[in-house]
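A.B. asks: File coords.txt below, compact mmCIF, C-alpha atoms:
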# COMPACT_ATOMS: atom_id res chain seq x y z
CA MET Q 289 22.36 14.11 -11.74
CA ARG Q 290 23.45 14.07 -8.12
CA LYS Q 291 20.42 16.15 -7.12
CA LEU Q 292 18.07 13.79 -8.93
CA LEU Q 293 19.61 10.77 -7.24
CA LEU Q 294 19.30 12.32 -3.78
CA GLU Q 295 15.68 13.33 -4.41
CA SER Q 296 14.81 9.81 -5.51
CA LEU Q 297 16.22 8.44 -2.25
CA ILE Q 298 14.13 10.83 -0.14
CA LYS Q 299 10.80 10.71 -1.97
CA PRO Q 300 8.52 7.71 -1.35
CA THR Q 301 7.68 5.33 -4.16
CA LEU Q 302 4.56 6.25 -6.11
CA THR Q 303 2.23 3.26 -6.15
CA GLU Q 304 -1.50 2.76 -6.28
CA ALA Q 305 -3.44 1.39 -3.36
CA PRO Q 306 -4.44 -2.28 -3.66
CA PRO Q 307 -7.96 -3.02 -4.89
CA THR Q 308 -10.61 -2.32 -2.28
CA ALA Q 309 -12.84 -5.24 -3.22
CA ASP Q 310 -13.71 -7.51 -0.33
CA GLU Q 311 -11.38 -10.45 -0.89
CA ALA Q 312 -13.80 -12.99 0.59
CA ALA Q 313 -16.62 -11.82 -1.68
CA MET Q 314 -14.35 -11.94 -4.73
CA ILE Q 315 -13.18 -15.48 -3.89
CA GLU Q 316 -16.78 -16.60 -3.40
CA LEU Q 317 -17.78 -15.05 -6.73
CA ALA Q 318 -14.91 -16.73 -8.61
CA GLU Q 319 -15.58 -20.11 -6.93
CA THR Q 320 -19.27 -19.87 -7.86
CA LEU Q 321 -18.34 -19.01 -11.44
CA GLY Q 322 -15.96 -21.98 -11.64
CA LYS Q 323 -18.58 -24.37 -10.22
CA GLN Q 324 -21.24 -23.04 -12.59
CA ALA Q 325 -18.89 -23.52 -15.56
CA ARG Q 326 -18.17 -27.12 -14.58
CA GLN Q 327 -21.90 -27.74 -14.07
CA SER Q 328 -22.89 -26.17 -17.41
CA LEU Q 329 -20.00 -27.45 -19.54
CA GLY Q 330 -18.68 -30.41 -17.60
CA ARG Q 331 -15.24 -28.78 -17.49
CA SER Q 332 -13.56 -25.46 -16.80
CA LEU Q 333 -14.43 -22.35 -18.81
CA SER Q 334 -12.03 -21.28 -21.55
CA ILE Q 335 -11.95 -17.63 -22.62
CA ARG Q 336 -10.47 -16.09 -25.78
CA GLU Q 337 -9.98 -12.34 -25.52
CA VAL Q 338 -10.18 -10.31 -28.74
CA ASP Q 339 -9.21 -6.64 -29.00
CA ALA Q 340 -11.27 -5.27 -31.88
CA GLY Q 341 -9.72 -1.79 -31.78
CA SER Q 342 -9.86 -0.49 -28.21
CA CYS Q 343 -7.76 1.95 -26.22
CA ASN Q 344 -6.53 -1.00 -24.04
CA GLY Q 345 -8.27 0.17 -20.86
CA CYS Q 346 -10.54 -2.88 -20.82
CA GLU Q 347 -7.63 -5.19 -21.63
CA LEU Q 348 -5.79 -4.00 -18.53
CA GLU Q 349 -8.80 -4.95 -16.40
CA ILE Q 350 -9.18 -8.31 -18.17
CA HIS Q 351 -5.46 -9.04 -17.72
CA ALA Q 352 -5.85 -8.19 -14.04
CA LEU Q 353 -8.04 -11.29 -13.73
CA ASN Q 354 -4.84 -13.34 -14.15
CA ASN Q 355 -2.70 -11.37 -11.72
CA ALA Q 356 -1.78 -12.57 -8.24
CA PHE Q 357 -4.70 -10.74 -6.58
CA TYR Q 358 -7.56 -12.21 -8.65
CA ASP Q 359 -5.85 -15.33 -10.07
CA ILE Q 360 -8.95 -16.80 -11.70
CA GLU Q 361 -7.08 -19.85 -12.98
CA ARG Q 362 -7.18 -21.33 -9.49
CA PHE Q 363 -10.99 -21.49 -9.91
CA GLY Q 364 -10.86 -23.27 -13.26
CA LEU Q 365 -11.26 -20.24 -15.54
CA ARG Q 366 -8.53 -19.82 -18.09
CA PHE Q 367 -7.59 -17.73 -21.08
CA VAL Q 368 -6.67 -19.64 -24.23
CA ALA Q 369 -4.64 -18.62 -27.26
CA SER Q 370 -6.87 -20.19 -29.90
CA PRO Q 371 -10.58 -19.61 -30.53
CA ARG Q 372 -10.81 -23.34 -31.34
CA HIS Q 373 -10.31 -24.06 -27.64
CA ALA Q 374 -12.64 -21.32 -26.33
CA ASP Q 375 -16.13 -21.35 -24.88
CA VAL Q 376 -16.34 -17.57 -24.55
CA LEU Q 377 -15.17 -14.80 -26.85
CA MET Q 378 -14.51 -11.72 -24.75
CA VAL Q 379 -14.41 -8.75 -27.15
CA THR Q 380 -13.27 -5.25 -26.24
CA GLY Q 381 -13.35 -1.96 -28.09
CA PRO Q 382 -15.31 -0.70 -31.03
CA VAL Q 383 -14.93 -2.91 -34.07
CA THR Q 384 -12.68 -1.17 -36.55
CA LYS Q 385 -12.98 -1.76 -40.27
CA ASN Q 386 -9.61 -3.51 -40.21
CA MET Q 387 -10.76 -5.93 -37.49
CA ARG Q 388 -14.25 -6.73 -38.81
CA GLU Q 389 -13.19 -9.75 -40.89
CA ALA Q 390 -10.78 -11.03 -38.22
CA LEU Q 391 -13.55 -10.89 -35.60
CA LYS Q 392 -15.96 -12.77 -37.89
CA ARG Q 393 -13.35 -15.45 -38.55
CA THR Q 394 -12.58 -15.78 -34.85
CA TYR Q 395 -16.29 -16.16 -34.11
CA ASP Q 396 -16.65 -18.79 -36.84
CA ALA Q 397 -13.61 -20.71 -35.54
CA THR Q 398 -15.06 -20.93 -32.02
CA PRO Q 399 -16.91 -24.23 -31.54
CA ALA Q 400 -20.49 -24.37 -30.29
CA PRO Q 401 -21.72 -23.85 -27.65
CA LYS Q 402 -20.14 -20.42 -27.56
CA TRP Q 403 -20.90 -17.13 -25.91
CA VAL Q 404 -19.82 -13.64 -26.85
CA VAL Q 405 -19.18 -11.09 -24.12
CA ALA Q 406 -18.75 -7.44 -25.13
CA VAL Q 407 -16.66 -5.73 -22.46
CA GLY Q 408 -16.77 -1.96 -22.01
CA ASP Q 409 -18.83 0.91 -23.34
CA CYS Q 410 -16.99 1.00 -26.67
CA ALA Q 411 -17.96 -2.60 -27.38
CA LEU Q 412 -21.63 -1.67 -26.98
CA ASP Q 413 -21.94 1.15 -29.49
CA GLY Q 414 -18.48 2.40 -30.38
CA GLY Q 415 -18.21 4.66 -27.33
CA CYS Q 416 -16.17 7.80 -27.87
CA PHE Q 417 -15.00 6.35 -31.20
CA ALA Q 418 -18.54 6.09 -32.63
CA GLY Q 419 -18.96 7.87 -35.92
CA SER Q 420 -15.30 7.60 -36.83
CA TYR Q 421 -14.51 6.75 -40.42
CA ALA Q 422 -12.46 3.78 -39.20
CA VAL Q 423 -15.09 2.26 -36.90
CA VAL Q 424 -17.88 -0.13 -37.92
CA GLY Q 425 -19.62 0.20 -34.53
CA GLY Q 426 -20.18 -2.02 -31.54
CA VAL Q 427 -19.51 -5.74 -31.47
CA SER Q 428 -23.17 -6.55 -32.16
CA GLU Q 429 -22.82 -4.92 -35.60
CA VAL Q 430 -20.52 -7.79 -36.62
CA ILE Q 431 -21.36 -10.85 -34.47
CA PRO Q 432 -24.20 -11.72 -32.06
CA VAL Q 433 -23.54 -10.68 -28.46
CA ASP Q 434 -24.83 -12.67 -25.49
CA LEU Q 435 -23.73 -10.31 -22.72
CA HIS Q 436 -22.55 -6.74 -22.39
CA VAL Q 437 -20.48 -5.71 -19.37
CA PRO Q 438 -20.78 -1.91 -19.12
CA GLY Q 439 -18.08 0.43 -17.86
CA CYS Q 440 -15.15 2.43 -19.10
CA PRO Q 441 -13.36 0.21 -18.21
CA PRO Q 442 -15.38 -2.23 -16.08
CA PRO Q 443 -13.51 -3.49 -13.00
CA PRO Q 444 -12.50 -7.18 -12.86
CA VAL Q 445 -15.17 -8.02 -10.27
CA LYS Q 446 -17.87 -6.68 -12.58
CA ILE Q 447 -16.48 -8.79 -15.43
CA LEU Q 448 -16.60 -11.89 -13.20
CA SER Q 449 -20.18 -11.04 -12.14
CA GLY Q 450 -21.15 -10.73 -15.79
CA MET Q 451 -19.61 -14.08 -16.65
CA LEU Q 452 -21.54 -15.71 -13.79
CA ALA Q 453 -24.80 -14.13 -14.97
CA LEU Q 454 -24.08 -15.42 -18.47
CA LEU Q 455 -23.57 -18.99 -17.27
CA GLN Q 456 -26.69 -18.82 -15.13
CA GLY Q 457 -28.71 -17.50 -18.08
CA GLY Q 458 -29.44 -14.16 -16.44
CA LYS Q 459 -28.97 -10.56 -17.49
CA VAL Q 460 -26.53 -8.03 -16.12
CA ALA Q 461 -27.99 -4.71 -15.04
CA SER Q 462 -26.25 -1.74 -16.62
Turn this file's structure into structure tokens for me.
C.D. replies:
Amino acid sequence: MRKLLLESLIKPTLTEAPPTADEAAMIELAETLGKQARQSLGRSLSIREVDAGSCNGCELEIHALNNAFYDIERFGLRFVASPRHADVLMVTGPVTKNMREALKRTYDATPAPKWVVAVGDCALDGGCFAGSYAVVGGVSEVIPVDLHVPGCPPPPVKILSGMLALLQGGKVAS
């Protein structure tokens, strides 16, 4: 025990380097997204995140949007707990058979106008889980999808870029 304690005092802390994204570009992107949301909807954009059976890689990147580095709430973008308050359903993972009905009900509970964003490669076609007995397929097998943000997992800046393209009516290049 003594040896372990001494080694922990000598060795440096293992941490990851901070994100390398240009902070000014990220702030400009988030501000543009917030302005576009207020212009399109007349208010800030509300997002409901749904995990339809993923490995949680995409959720970590989505949750990073709320951390101190990205902090998208300062730009008027917020995550909500109820689909009844959401403008966007952000769905991750392949849709499992157990989550199919829950995803349909969440979609039905979301008021119009609503958009569906499939985040990650698994949400497109099932990814590495495709063909599994427990997986229905991608999100588009259950509900209509307006935007797909590719990546395994896609970084937060790419998710923000996708959301901006969605509000502007454009397409995101894969």
A.B. asks: Using all atoms listed in the file, can you tell me which of Q:Gly364, Q:Leu448, Q:Val424, Q:Val376 comes closest to Gly330 (chain Q)?
C.D. replies: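 Ranking Q:Gly364, Q:Leu448, Q:Val424, Q:Val376 by distance to Gly330 (chain Q), first place goes to Q:Gly364.
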A.B. asks: Could you give me, as a PyMOL selection string, the residues within 6 Å of Gly426 (chain Q), counting only C-alpha atoms and dropping anything in the same chain fewer than 2 positions from it?
C.D. replies: chain Q and resi 382-383+411-414+428-429
A.B. asks: Distance CA of Leu391 (chain Q)-CA of Leu377 (chain Q), one decimal place?
C.D. replies: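 Result for CA of Leu391 (chain Q) versus CA of Leu377 (chain Q): 9.7 Å, one decimal.
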A.B. asks: Using all atoms listed in the file, determine which residues lie at most 12 Å from Met387 (chain Q), disregarding the query and same-chain residues fewer than 2 positions distant; provide the list as JSON, numbers by chain.
C.D. replies: {"Q": [338, 339, 340, 341, 342, 379, 380, 381, 382, 383, 384, 385, 389, 390, 391, 392, 393, 394, 422, 423, 424, 425, 426, 427, 430]}
A.B. asks: State, in Å with one decimal place, the distance from CA of Pro399 (chain Q) to CA of Arg336 (chain Q).
C.D. replies: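 Going from CA of Pro399 (chain Q) over to CA of Arg336 (chain Q) covers 11.9 Å.
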A.B. asks: Which one is closest to Pro438 (chain Q): Q:Cys346, Q:Ala400, Q:Phe417, Q:Ala356? Count all atoms listed in the file.
C.D. replies: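 Checking each of Q:Cys346, Q:Ala400, Q:Phe417, Q:Ala356 against Pro438 (chain Q), counting all atoms listed in the file, the winner is Q:Cys346.
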A.B. asks: For CA of Ala318 (chain Q) and CA of Ala397 (chain Q), quote the distance in Å rounded to one decimal.
C.D. replies: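 Separation between CA of Ala318 (chain Q) and CA of Ala397 (chain Q): 27.3 Å.
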A.B. asks: Let me have the centre and edge lengths in Å, one decimal, of the box along x, y and z around every listed atom of region 437-443 of chain Q with 3 Å of margin on each side, as AutoDock Vina command-line options.
C.D. replies:
--center_x -17.1 --center_y -1.6 --center_z -16.2 --size_x 13.4 --size_y 14.1 --size_z 12.4
A.B. asks: Of the candidates Q:Ile298, Q:Leu329, Q:Leu348, Q:Ala312, which one gets nearest to Cys440 (chain Q) if we count only C-alpha atoms?
C.D. replies: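 Result for the nearest residue to Cys440 (chain Q): Q:Leu348.
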A.B. asks: Distance cut-off 12 Å, centre (-16.3, -26.1, -19.9) in file coordinates, counting only C-alpha atoms: which residues qualify? Return them as a ChimeraX atom specification.
C.D. replies: /Q:321-335,364-366,373-376,399-403,455
A.B. asks: In the coordinate frame of the file, compute which residues have an atom within 10 Å of (-12.8, -3.4, -15.8) when using only C-alpha atoms, and state them as a short mmCIF file (atom, residue, chain, number, x, y, z; two decimals) with C-alpha atoms, in the frame of the given file.
C.D. replies:
data_model
loop_
_atom_site.label_atom_id
_atom_site.label_comp_id
_atom_site.auth_asym_id
_atom_site.auth_seq_id
_atom_site.Cartn_x
_atom_site.Cartn_y
_atom_site.Cartn_z
CA GLY Q 345 -8.27 0.17 -20.86
CA CYS Q 346 -10.54 -2.88 -20.82
CA GLU Q 347 -7.63 -5.19 -21.63
CA LEU Q 348 -5.79 -4.00 -18.53
CA GLU Q 349 -8.80 -4.95 -16.40
CA ILE Q 350 -9.18 -8.31 -18.17
CA HIS Q 351 -5.46 -9.04 -17.72
CA ALA Q 352 -5.85 -8.19 -14.04
CA LEU Q 353 -8.04 -11.29 -13.73
CA VAL Q 407 -16.66 -5.73 -22.46
CA GLY Q 408 -16.77 -1.96 -22.01
CA VAL Q 437 -20.48 -5.71 -19.37
CA PRO Q 438 -20.78 -1.91 -19.12
CA GLY Q 439 -18.08 0.43 -17.86
CA CYS Q 440 -15.15 2.43 -19.10
CA PRO Q 441 -13.36 0.21 -18.21
CA PRO Q 442 -15.38 -2.23 -16.08
CA PRO Q 443 -13.51 -3.49 -13.00
CA PRO Q 444 -12.50 -7.18 -12.86
CA VAL Q 445 -15.17 -8.02 -10.27
CA LYS Q 446 -17.87 -6.68 -12.58
CA ILE Q 447 -16.48 -8.79 -15.43
CA LEU Q 448 -16.60 -11.89 -13.20
#
A.B. asks: Skipping near chain neighbours, those fewer than 5 positions away, what residues fall within 9 Å of Ile315 (chain Q) using all atoms listed in the file, listed as a ChimeraX atom specification?
C.D. replies: /Q:310,320,358,360,363
A.B. asks: With the input short on atoms, add all heavy atoms back to region 402-413 of chain Q and write it as an mmCIF file, in the coordinates of the input.
C.D. replies:
data_model
loop_
_atom_site.group_PDB
_atom_site.id
_atom_site.type_symbol
_atom_site.label_atom_id
_atom_site.label_comp_id
_atom_site.auth_asym_id
_atom_site.auth_seq_id
_atom_site.Cartn_x
_atom_site.Cartn_y
_atom_site.Cartn_z
ATOM 1 N N LYS Q 402 -21.044 -21.552 -27.770
ATOM 2 C CA LYS Q 402 -20.140 -20.420 -27.560
ATOM 3 C C LYS Q 402 -20.947 -19.212 -27.131
ATOM 4 O O LYS Q 402 -22.118 -19.081 -27.475
ATOM 5 C CB LYS Q 402 -19.353 -20.110 -28.821
ATOM 6 C CG LYS Q 402 -20.213 -19.783 -30.033
ATOM 7 C CD LYS Q 402 -19.355 -19.619 -31.258
ATOM 8 C CE LYS Q 402 -20.188 -19.674 -32.525
ATOM 9 N NZ LYS Q 402 -19.364 -19.774 -33.711
ATOM 10 N N TRP Q 403 -20.294 -18.377 -26.356
ATOM 11 C CA TRP Q 403 -20.900 -17.130 -25.910
ATOM 12 C C TRP Q 403 -19.986 -15.988 -26.310
ATOM 13 O O TRP Q 403 -18.767 -16.143 -26.351
ATOM 14 C CB TRP Q 403 -21.073 -17.125 -24.396
ATOM 15 C CG TRP Q 403 -22.039 -18.139 -23.894
ATOM 16 C CD1 TRP Q 403 -23.402 -18.086 -23.998
ATOM 17 C CD2 TRP Q 403 -21.739 -19.339 -23.196
ATOM 18 N NE1 TRP Q 403 -23.956 -19.206 -23.414
ATOM 19 C CE2 TRP Q 403 -22.956 -19.985 -22.914
ATOM 20 C CE3 TRP Q 403 -20.552 -19.942 -22.799
ATOM 21 C CZ2 TRP Q 403 -23.032 -21.191 -22.231
ATOM 22 C CZ3 TRP Q 403 -20.624 -21.145 -22.125
ATOM 23 C CH2 TRP Q 403 -21.846 -21.751 -21.843
ATOM 24 N N VAL Q 404 -20.584 -14.841 -26.553
ATOM 25 C CA VAL Q 404 -19.820 -13.640 -26.850
ATOM 26 C C VAL Q 404 -20.115 -12.613 -25.768
ATOM 27 O O VAL Q 404 -21.282 -12.299 -25.510
ATOM 28 C CB VAL Q 404 -20.183 -13.057 -28.243
ATOM 29 C CG1 VAL Q 404 -19.434 -11.758 -28.482
ATOM 30 C CG2 VAL Q 404 -19.865 -14.065 -29.333
ATOM 31 N N VAL Q 405 -19.065 -12.110 -25.150
ATOM 32 C CA VAL Q 405 -19.180 -11.090 -24.120
ATOM 33 C C VAL Q 405 -18.512 -9.821 -24.630
ATOM 34 O O VAL Q 405 -17.321 -9.839 -24.958
ATOM 35 C CB VAL Q 405 -18.506 -11.550 -22.802
ATOM 36 C CG1 VAL Q 405 -18.581 -10.466 -21.756
ATOM 37 C CG2 VAL Q 405 -19.144 -12.832 -22.302
ATOM 38 N N ALA Q 406 -19.280 -8.744 -24.727
ATOM 39 C CA ALA Q 406 -18.750 -7.440 -25.130
ATOM 40 C C ALA Q 406 -18.400 -6.682 -23.852
ATOM 41 O O ALA Q 406 -19.276 -6.412 -23.032
ATOM 42 C CB ALA Q 406 -19.774 -6.671 -25.950
ATOM 43 N N VAL Q 407 -17.129 -6.365 -23.681
ATOM 44 C CA VAL Q 407 -16.660 -5.730 -22.460
ATOM 45 C C VAL Q 407 -16.372 -4.252 -22.708
ATOM 46 O O VAL Q 407 -15.594 -3.908 -23.599
ATOM 47 C CB VAL Q 407 -15.385 -6.428 -21.929
ATOM 48 C CG1 VAL Q 407 -14.865 -5.740 -20.681
ATOM 49 C CG2 VAL Q 407 -15.656 -7.889 -21.653
ATOM 50 N N GLY Q 408 -17.015 -3.393 -21.927
ATOM 51 C CA GLY Q 408 -16.770 -1.960 -22.010
ATOM 52 C C GLY Q 408 -17.814 -1.225 -22.840
ATOM 53 O O GLY Q 408 -18.560 -1.822 -23.616
ATOM 54 N N ASP Q 409 -17.857 0.071 -22.644
ATOM 55 C CA ASP Q 409 -18.830 0.910 -23.340
ATOM 56 C C ASP Q 409 -18.564 0.978 -24.838
ATOM 57 O O ASP Q 409 -19.497 1.060 -25.633
ATOM 58 C CB ASP Q 409 -18.839 2.317 -22.742
ATOM 59 C CG ASP Q 409 -19.381 2.327 -21.322
ATOM 60 O OD1 ASP Q 409 -20.096 1.374 -20.951
ATOM 61 O OD2 ASP Q 409 -19.092 3.292 -20.581
ATOM 62 N N CYS Q 410 -17.319 0.945 -25.239
ATOM 63 C CA CYS Q 410 -16.990 1.000 -26.670
ATOM 64 C C CYS Q 410 -17.498 -0.228 -27.411
ATOM 65 O O CYS Q 410 -17.891 -0.146 -28.567
ATOM 66 C CB CYS Q 410 -15.489 1.138 -26.872
ATOM 67 S SG CYS Q 410 -14.824 2.686 -26.286
ATOM 68 N N ALA Q 411 -17.499 -1.374 -26.743
ATOM 69 C CA ALA Q 411 -17.960 -2.600 -27.380
ATOM 70 C C ALA Q 411 -19.476 -2.597 -27.579
ATOM 71 O O ALA Q 411 -19.988 -3.331 -28.410
ATOM 72 C CB ALA Q 411 -17.555 -3.810 -26.540
ATOM 73 N N LEU Q 412 -20.178 -1.749 -26.831
ATOM 74 C CA LEU Q 412 -21.630 -1.670 -26.980
ATOM 75 C C LEU Q 412 -22.026 -0.913 -28.240
ATOM 76 O O LEU Q 412 -22.765 -1.420 -29.072
ATOM 77 C CB LEU Q 412 -22.248 -0.998 -25.753
ATOM 78 C CG LEU Q 412 -23.746 -0.727 -25.829
ATOM 79 C CD1 LEU Q 412 -24.528 -2.027 -25.895
ATOM 80 C CD2 LEU Q 412 -24.191 0.095 -24.636
ATOM 81 N N ASP Q 413 -21.498 0.310 -28.377
ATOM 82 C CA ASP Q 413 -21.940 1.150 -29.490
ATOM 83 C C ASP Q 413 -20.822 1.963 -30.140
ATOM 84 O O ASP Q 413 -21.084 2.870 -30.902
ATOM 85 C CB ASP Q 413 -23.036 2.098 -29.017
ATOM 86 C CG ASP Q 413 -22.581 2.989 -27.873
ATOM 87 O OD1 ASP Q 413 -21.390 2.931 -27.489
ATOM 88 O OD2 ASP Q 413 -23.416 3.745 -27.347
#
